$ cat target-v6.txt   # compact mmCIF, C-alpha atoms and all ligand atoms
# COMPACT_ATOMS: atom_id res chain seq x y z
CA MET A 584 2.28 -127.72 56.82
CA LYS A 585 5.95 -128.69 56.70
CA ILE A 586 8.64 -126.11 57.40
CA LEU A 587 11.79 -126.68 55.39
CA LYS A 588 15.17 -125.08 55.93
CA THR A 589 17.43 -126.77 53.42
CA ILE A 590 17.48 -126.93 49.65
CA GLU A 591 17.92 -130.72 49.73
CA GLU A 592 14.74 -131.23 51.78
CA LEU A 593 12.70 -129.13 49.39
CA GLN A 594 14.23 -130.67 46.27
CA ASN A 595 13.56 -134.18 47.58
CA ILE A 596 9.92 -133.33 48.17
CA ARG A 597 9.60 -131.47 44.86
CA LYS A 598 10.84 -134.36 42.76
CA ASN A 599 7.97 -136.54 43.98
CA ILE A 600 5.27 -133.97 43.18
CA THR A 601 3.73 -134.58 39.79
CA SER A 602 0.78 -132.18 40.06
CA ASN A 603 0.58 -128.36 39.84
CA VAL A 604 2.79 -126.38 42.19
CA GLY A 605 1.90 -122.80 43.12
CA PHE A 606 4.75 -120.75 44.58
CA VAL A 607 4.59 -117.48 46.53
CA PRO A 608 8.02 -115.97 47.27
CA THR A 609 8.04 -113.45 50.14
CA MET A 610 10.36 -111.69 52.55
CA GLY A 611 7.97 -112.42 55.43
CA ALA A 612 6.12 -109.95 57.71
CA LEU A 613 3.07 -111.24 55.88
CA HIS A 614 0.06 -108.95 55.51
CA ASP A 615 -3.26 -109.14 53.70
CA GLY A 616 -1.53 -108.47 50.37
CA HIS A 617 0.59 -111.63 50.76
CA ILE A 618 -2.40 -113.56 52.09
CA SER A 619 -4.34 -112.77 48.91
CA LEU A 620 -1.47 -114.20 46.80
CA ILE A 621 -1.33 -117.34 48.95
CA LYS A 622 -5.10 -117.82 48.81
CA LYS A 623 -5.07 -117.48 45.02
CA ALA A 624 -2.23 -120.00 44.82
CA ARG A 625 -4.22 -122.34 47.09
CA ILE A 626 -7.26 -122.19 44.83
CA GLU A 627 -5.32 -122.68 41.60
CA ASN A 628 -2.84 -125.43 42.55
CA ASP A 629 -2.64 -128.87 44.13
CA VAL A 630 0.46 -128.01 46.12
CA VAL A 631 1.39 -124.60 47.55
CA ILE A 632 4.92 -123.57 48.51
CA VAL A 633 5.64 -120.24 50.23
CA SER A 634 9.16 -118.98 50.86
CA ILE A 635 10.21 -116.50 53.51
CA PHE A 636 13.68 -115.16 52.92
CA VAL A 637 14.90 -111.62 53.56
CA ASN A 638 17.22 -111.47 50.60
CA PRO A 639 20.38 -109.48 51.38
CA THR A 640 21.41 -108.98 47.74
CA GLN A 641 18.42 -106.77 46.98
CA PHE A 642 19.28 -104.31 49.73
CA LEU A 643 21.77 -101.58 48.92
CA PRO A 644 24.54 -100.67 51.37
CA GLY A 645 22.99 -98.46 54.07
CA GLU A 646 19.45 -99.72 53.44
CA ASP A 647 17.29 -101.23 56.16
CA LEU A 648 18.30 -104.93 55.84
CA ASP A 649 18.90 -105.31 59.58
CA ALA A 650 15.79 -103.33 60.51
CA TYR A 651 13.59 -105.24 58.04
CA PRO A 652 10.64 -106.63 60.06
CA ARG A 653 10.96 -110.32 60.96
CA LYS A 654 7.83 -112.02 62.22
CA ASP A 655 8.60 -115.69 61.76
CA GLU A 656 6.19 -117.06 64.35
CA ALA A 657 3.22 -114.95 63.18
CA ASP A 658 4.09 -115.76 59.55
CA LYS A 659 4.10 -119.51 60.25
CA LYS A 660 0.61 -119.21 61.75
CA ILE A 661 -0.65 -117.26 58.74
CA CYS A 662 0.74 -119.86 56.32
CA GLU A 663 -0.80 -122.65 58.37
CA MET A 664 -4.15 -120.84 58.32
CA CYS A 665 -3.91 -120.42 54.53
CA GLN A 666 -3.27 -124.17 54.16
CA VAL A 667 0.20 -123.83 52.72
CA ASP A 668 1.78 -127.25 52.17
CA TYR A 669 5.45 -126.29 52.42
CA LEU A 670 7.01 -123.22 54.00
CA PHE A 671 10.61 -122.74 52.90
CA MET A 672 12.66 -120.62 55.33
CA PRO A 673 16.31 -120.88 54.37
CA GLU A 674 19.18 -119.08 56.06
CA ILE A 675 21.42 -116.69 54.14
CA LYS A 676 24.28 -119.20 54.11
CA THR A 677 21.96 -121.75 52.52
CA MET A 678 21.04 -119.47 49.63
CA TYR A 679 24.42 -117.80 49.09
CA THR A 680 27.53 -119.81 49.78
CA LYS A 681 30.38 -118.48 47.68
CA GLU A 682 31.31 -115.95 45.02
CA GLU A 683 28.78 -116.82 42.43
CA VAL A 684 27.48 -116.32 38.93
CA LEU A 685 25.58 -113.03 38.99
CA LEU A 686 22.50 -112.00 37.14
CA LYS A 687 22.40 -108.55 35.58
CA ALA A 688 18.95 -107.01 35.21
CA PRO A 689 18.36 -105.15 31.90
CA ASN A 690 18.84 -101.36 31.59
CA LYS A 691 15.20 -100.66 32.38
CA SER A 692 15.85 -101.89 35.88
CA TYR A 693 17.80 -98.66 36.43
CA ILE A 694 14.79 -96.38 35.89
CA LEU A 695 12.03 -95.49 38.38
CA GLU A 696 12.47 -97.82 41.40
CA GLY A 697 15.86 -98.90 40.09
CA LYS A 698 17.01 -95.29 39.82
CA THR A 699 16.65 -94.73 43.57
CA ARG A 700 17.89 -98.26 44.29
CA PRO A 701 20.50 -99.05 41.62
CA GLY A 702 21.32 -102.78 41.68
CA HIS A 703 18.21 -103.67 43.69
CA PHE A 704 16.62 -105.58 40.81
CA ASP A 705 19.84 -107.55 40.12
CA GLY A 706 19.43 -108.97 43.63
CA VAL A 707 15.71 -109.59 43.19
CA LEU A 708 16.21 -111.51 39.93
CA GLN A 709 19.16 -113.43 41.41
CA VAL A 710 17.14 -114.74 44.37
CA VAL A 711 13.94 -115.34 42.40
CA LEU A 712 15.87 -117.40 39.84
CA LYS A 713 17.40 -119.46 42.67
CA LEU A 714 13.98 -119.95 44.28
CA PHE A 715 12.45 -120.95 40.95
CA GLY A 716 15.29 -123.47 40.50
CA ILE A 717 14.58 -125.04 43.87
CA THR A 718 10.77 -125.01 43.78
CA GLN A 719 10.20 -125.45 40.02
CA PRO A 720 6.70 -124.00 40.24
CA THR A 721 3.97 -124.36 37.67
CA ASN A 722 2.57 -120.96 38.72
CA ALA A 723 4.36 -118.20 40.63
CA TYR A 724 2.42 -115.36 42.24
CA PHE A 725 3.50 -111.71 42.41
CA GLY A 726 1.59 -108.55 43.35
CA LYS A 727 0.93 -105.82 40.80
CA LYS A 728 1.91 -103.28 43.44
CA ASP A 729 5.59 -103.99 42.73
CA ALA A 730 4.91 -103.53 39.05
CA GLN A 731 8.50 -103.04 37.90
CA GLN A 732 9.61 -106.16 39.78
CA LEU A 733 6.76 -108.10 38.21
CA SER A 734 7.67 -106.88 34.73
CA LEU A 735 11.36 -107.81 35.16
CA ILE A 736 10.54 -111.26 36.54
CA THR A 737 8.16 -111.86 33.64
CA GLN A 738 10.96 -110.88 31.24
CA MET A 739 13.48 -113.11 33.03
CA VAL A 740 11.17 -116.10 32.73
CA LYS A 741 10.83 -115.43 28.98
CA ASP A 742 14.54 -114.72 28.41
CA PHE A 743 15.65 -117.88 30.24
CA PHE A 744 12.87 -120.04 28.74
CA LEU A 745 11.61 -121.06 32.17
CA PRO A 746 8.43 -123.14 32.01
CA ILE A 747 6.73 -121.06 34.72
CA ASN A 748 3.47 -119.15 34.52
CA ILE A 749 3.79 -115.77 36.25
CA VAL A 750 0.47 -114.80 37.82
CA ALA A 751 -0.01 -111.04 38.34
CA CYS A 752 -2.25 -110.42 41.37
CA GLU A 753 -4.39 -107.38 42.11
CA ILE A 754 -3.32 -104.72 44.59
CA ILE A 755 -5.06 -105.10 47.95
CA ARG A 756 -6.23 -101.84 49.50
CA GLU A 757 -7.52 -100.56 52.82
CA SER A 758 -11.25 -99.75 52.66
CA ASP A 759 -10.38 -96.07 52.04
CA GLY A 760 -8.16 -96.87 49.06
CA LEU A 761 -4.62 -96.89 50.50
CA ALA A 762 -2.62 -99.73 48.98
CA LEU A 763 -1.44 -102.20 51.63
CA SER A 764 2.21 -101.98 52.49
CA SER A 765 4.25 -102.99 55.52
CA ARG A 766 5.44 -99.36 55.55
CA ASN A 767 1.95 -97.91 56.21
CA ILE A 768 2.48 -98.40 59.96
CA TYR A 769 5.15 -95.68 59.89
CA LEU A 770 2.61 -92.99 58.88
CA ASP A 771 1.42 -90.55 61.53
CA GLU A 772 -2.21 -89.41 61.55
CA LYS A 773 -1.75 -86.51 59.13
CA GLN A 774 0.47 -88.51 56.77
CA ARG A 775 -2.05 -91.37 56.79
CA LYS A 776 -4.79 -88.90 55.77
CA ASP A 777 -2.61 -87.25 53.10
CA SER A 778 -1.55 -90.64 51.72
CA LEU A 779 -5.09 -91.15 50.43
CA LEU A 780 -4.33 -88.61 47.72
CA ILE A 781 -2.16 -91.22 46.00
CA SER A 782 -5.02 -93.59 45.21
CA LYS A 783 -7.32 -90.61 44.59
CA SER A 784 -4.90 -89.26 41.98
CA LEU A 785 -4.79 -92.67 40.27
CA TYR A 786 -8.59 -92.95 40.25
CA ALA A 787 -8.81 -89.39 38.84
CA ALA A 788 -6.38 -90.44 36.08
CA ALA A 789 -8.44 -93.56 35.33
CA THR A 790 -11.61 -91.45 35.17
CA LEU A 791 -9.97 -89.18 32.59
CA VAL A 792 -9.00 -92.21 30.52
CA ALA A 793 -12.57 -93.52 30.77
CA LYS A 794 -13.61 -90.17 29.30
CA GLU A 795 -11.36 -90.89 26.28
CA GLU A 796 -8.37 -88.78 27.39
CA LYS A 797 -5.29 -90.54 25.97
CA ASP A 798 -2.63 -87.85 26.27
CA VAL A 799 -0.12 -88.89 28.93
CA LYS A 800 0.87 -85.24 29.52
CA VAL A 801 -2.71 -84.29 30.46
CA ILE A 802 -3.05 -87.31 32.74
CA LYS A 803 0.21 -86.53 34.53
CA GLU A 804 -0.97 -82.94 35.06
CA LYS A 805 -4.15 -84.27 36.66
CA ILE A 806 -2.15 -86.44 39.05
CA HIS A 807 0.04 -83.49 40.06
CA GLU A 808 -3.11 -81.41 40.61
CA VAL A 809 -4.68 -84.03 42.91
CA MET A 810 -1.46 -84.61 44.82
CA GLN A 811 -1.29 -80.87 45.56
CA THR A 812 1.86 -79.94 47.45
CA LEU A 813 2.74 -83.43 48.61
CA ASP A 814 6.27 -84.72 48.14
CA LEU A 815 5.76 -86.51 44.84
CA GLU A 816 8.87 -88.45 43.87
CA TYR A 817 7.66 -89.49 40.44
CA VAL A 818 4.65 -90.08 38.23
CA ALA A 819 5.34 -92.43 35.34
CA ILE A 820 3.13 -93.80 32.62
CA VAL A 821 4.58 -96.88 30.97
CA ASP A 822 3.54 -99.90 28.98
CA ARG A 823 3.60 -103.36 30.57
CA GLU A 824 7.28 -103.71 29.60
CA PHE A 825 8.10 -100.44 31.30
CA ASN A 826 8.73 -98.36 28.19
CA GLU A 827 7.57 -94.73 28.65
CA ILE A 828 4.60 -93.97 26.38
CA LYS A 829 3.02 -90.75 25.07
CA LYS A 830 -0.52 -92.06 24.50
CA ILE A 831 -2.48 -94.37 26.77
CA GLU A 832 -2.78 -97.87 25.29
CA LEU A 833 -5.74 -99.66 26.81
CA ASN A 834 -4.82 -103.05 28.31
CA ASN A 835 -1.15 -102.14 28.07
CA THR A 836 -0.63 -99.16 30.39
CA ILE A 837 0.48 -98.79 33.98
CA ILE A 838 0.35 -95.45 35.80
CA LEU A 839 2.75 -95.31 38.74
CA VAL A 840 2.96 -92.81 41.56
CA VAL A 841 5.59 -92.69 44.29
CA ALA A 842 5.38 -90.13 47.08
CA LYS A 843 7.18 -89.52 50.35
CA PHE A 844 5.51 -88.85 53.67
CA GLY A 845 8.32 -87.86 55.99
CA GLN A 846 10.75 -90.80 55.76
CA THR A 847 8.09 -93.17 54.44
CA ARG A 848 8.07 -93.77 50.71
CA LEU A 849 4.80 -95.13 49.32
CA LEU A 850 4.24 -96.70 45.89
CA ASP A 851 0.99 -97.23 44.13
CA ASN A 852 -0.15 -97.88 40.59
CA ILE A 853 -3.11 -98.63 38.42
CA TRP A 854 -3.20 -100.96 35.41
CA LEU A 855 -5.32 -99.74 32.53
O1 LIG A 901 8.61 -108.79 46.60
C1 LIG A 901 9.34 -109.33 47.47
O2 LIG A 901 8.95 -109.55 48.60
C2 LIG A 901 10.76 -109.71 47.10
O3 LIG A 901 11.34 -108.79 46.24
C3 LIG A 901 10.87 -111.13 46.53
C4 LIG A 901 10.15 -111.28 45.23
C5 LIG A 901 10.33 -112.14 47.54
C6 LIG A 901 12.35 -111.47 46.29
O4 LIG A 901 13.11 -111.38 47.45
$ encode --input "target-v6.txt" --output "structure tokens"
Amino acid sequence: MKILKTIEELQNIRKNITSNVGFVPTMGALHDGHISLIKKARIENDVVIVSIFVNPTQFLPGEDLDAYPRKDEADKKICEMCQVDYLFMPEIKTMYTKEEVLLKAPNKSYILEGKTRPGHFDGVLQVVLKLFGITQPTNAYFGKKDAQQLSLITQMVKDFFLPINIVACEIIRESDGLALSSRNIYLDEKQRKDSLLISKSLYAAATLVAKEEKDVKVIKEKIHEVMQTLDLEYVAIVDREFNEIKKIELNNTIILVVAKFGQTRLLDNIWL
């Protein structure tokens, strides 16, 4: 595995690659969720590039940019173990040098996750577009857990006519159902137990749909019932393009739940 720090190094390598390139962009602190993306990229491509870059433009003022976990040495080992070919670890000054052309995410980036973090998705799209420009992947891998991010990136690729296949990867869960997240470590024992109600509520919703229930109102009620008195931030039922829907459309629906456990905010979703 080669570790690259500059854009020139990566571009020089990229221009000599004529086969499929799989790209997994990350902000590091790699866990099993990331590993599953990298392994999928490894299987499906001749060359695999992973980037680790804690992108400042997707953090709002006052958010945890400085406290964001950095585990460079452990991450390098994980990438090596997953047989990554190139690990791109640029510095901030390499990625952002001057006042630059900005990307504005569409209005639907200001709902749900974008409502609590207005401007967050502008920064995500900005850095992903830069990374796509440098790596020019054939396939780029994103987790379904960050469903709104995935939807916006898919739209960006279409809107800018980028010849990149976006691969949506399944959510990886603990054996008891909790979706993997680097924030799970902040849960105390009770919160960890309570957090299981999130996936339980999603499975209960999916069971209702399997029994032919299509009314979004009924399904939302079920989720509220399962979540009991927990601090539910939102339940949303949207199509794959993040438009709110009234009736479940099979193969085109995502049910999203966000709940808070003390200071820890957990997201989960299920794709129907
Ligand atoms: O999902 C993430 O880790 C980040 O938002 C991404 C896509 C790497 C962009 O910084």
$ residues_around --input "target-v6.txt" --residues "Asn690 (chain A)" --least-positions-apart "6" --cutoff "12 Å" --atoms "only C-alpha atoms" --output "list in words"
Gly697, Lys698, Pro701, Gly702, Phe704, Asp705, Leu735, Glu824, Phe825 and Asn826 of chain A
$ write_last_selection --input "target-v6.txt" --atoms "C-alpha atoms" --output "mmCIF file, in the coordinates of the input"
data_model
loop_
_atom_site.group_PDB
_atom_site.id
_atom_site.type_symbol
_atom_site.label_atom_id
_atom_site.label_comp_id
_atom_site.auth_asym_id
_atom_site.auth_seq_id
_atom_site.Cartn_x
_atom_site.Cartn_y
_atom_site.Cartn_z
ATOM 1 C CA GLY A 697 15.860 -98.900 40.090
ATOM 2 C CA LYS A 698 17.010 -95.290 39.820
ATOM 3 C CA PRO A 701 20.500 -99.050 41.620
ATOM 4 C CA GLY A 702 21.320 -102.780 41.680
ATOM 5 C CA PHE A 704 16.620 -105.580 40.810
ATOM 6 C CA ASP A 705 19.840 -107.550 40.120
ATOM 7 C CA LEU A 735 11.360 -107.810 35.160
ATOM 8 C CA GLU A 824 7.280 -103.710 29.600
ATOM 9 C CA PHE A 825 8.100 -100.440 31.300
ATOM 10 C CA ASN A 826 8.730 -98.360 28.190
#
$ residues_near_ligand --input "target-v6.txt" --ligand "ligand LIG 901 (chain A)" --cutoff "9 Å" --atoms "all atoms listed in the file" --output "MDAnalysis selection string"
chainID A and resid 607:611 617 634:641 703:704 706:711 714 725:726 729 732:733 736
$ residues_near_point --input "target-v6.txt" --point "(7.6, -107.0, 62.1)" --cutoff "10 Å" --atoms "only C-alpha atoms" --output "ChimeraX atom specification"
/A:611-613,650-655,657-658,765
$ closest_residue --input "target-v6.txt" --among "A:Glu674, A:Glu683, A:Glu772, A:Glu696" --to "Leu839 (chain A)" --atoms "all atoms listed in the file"
A:Glu696
$ atom_distance --input "target-v6.txt" --atom1 "CA of Leu587 (chain A)" --atom2 "CA of Pro673 (chain A)"
7.4 Å
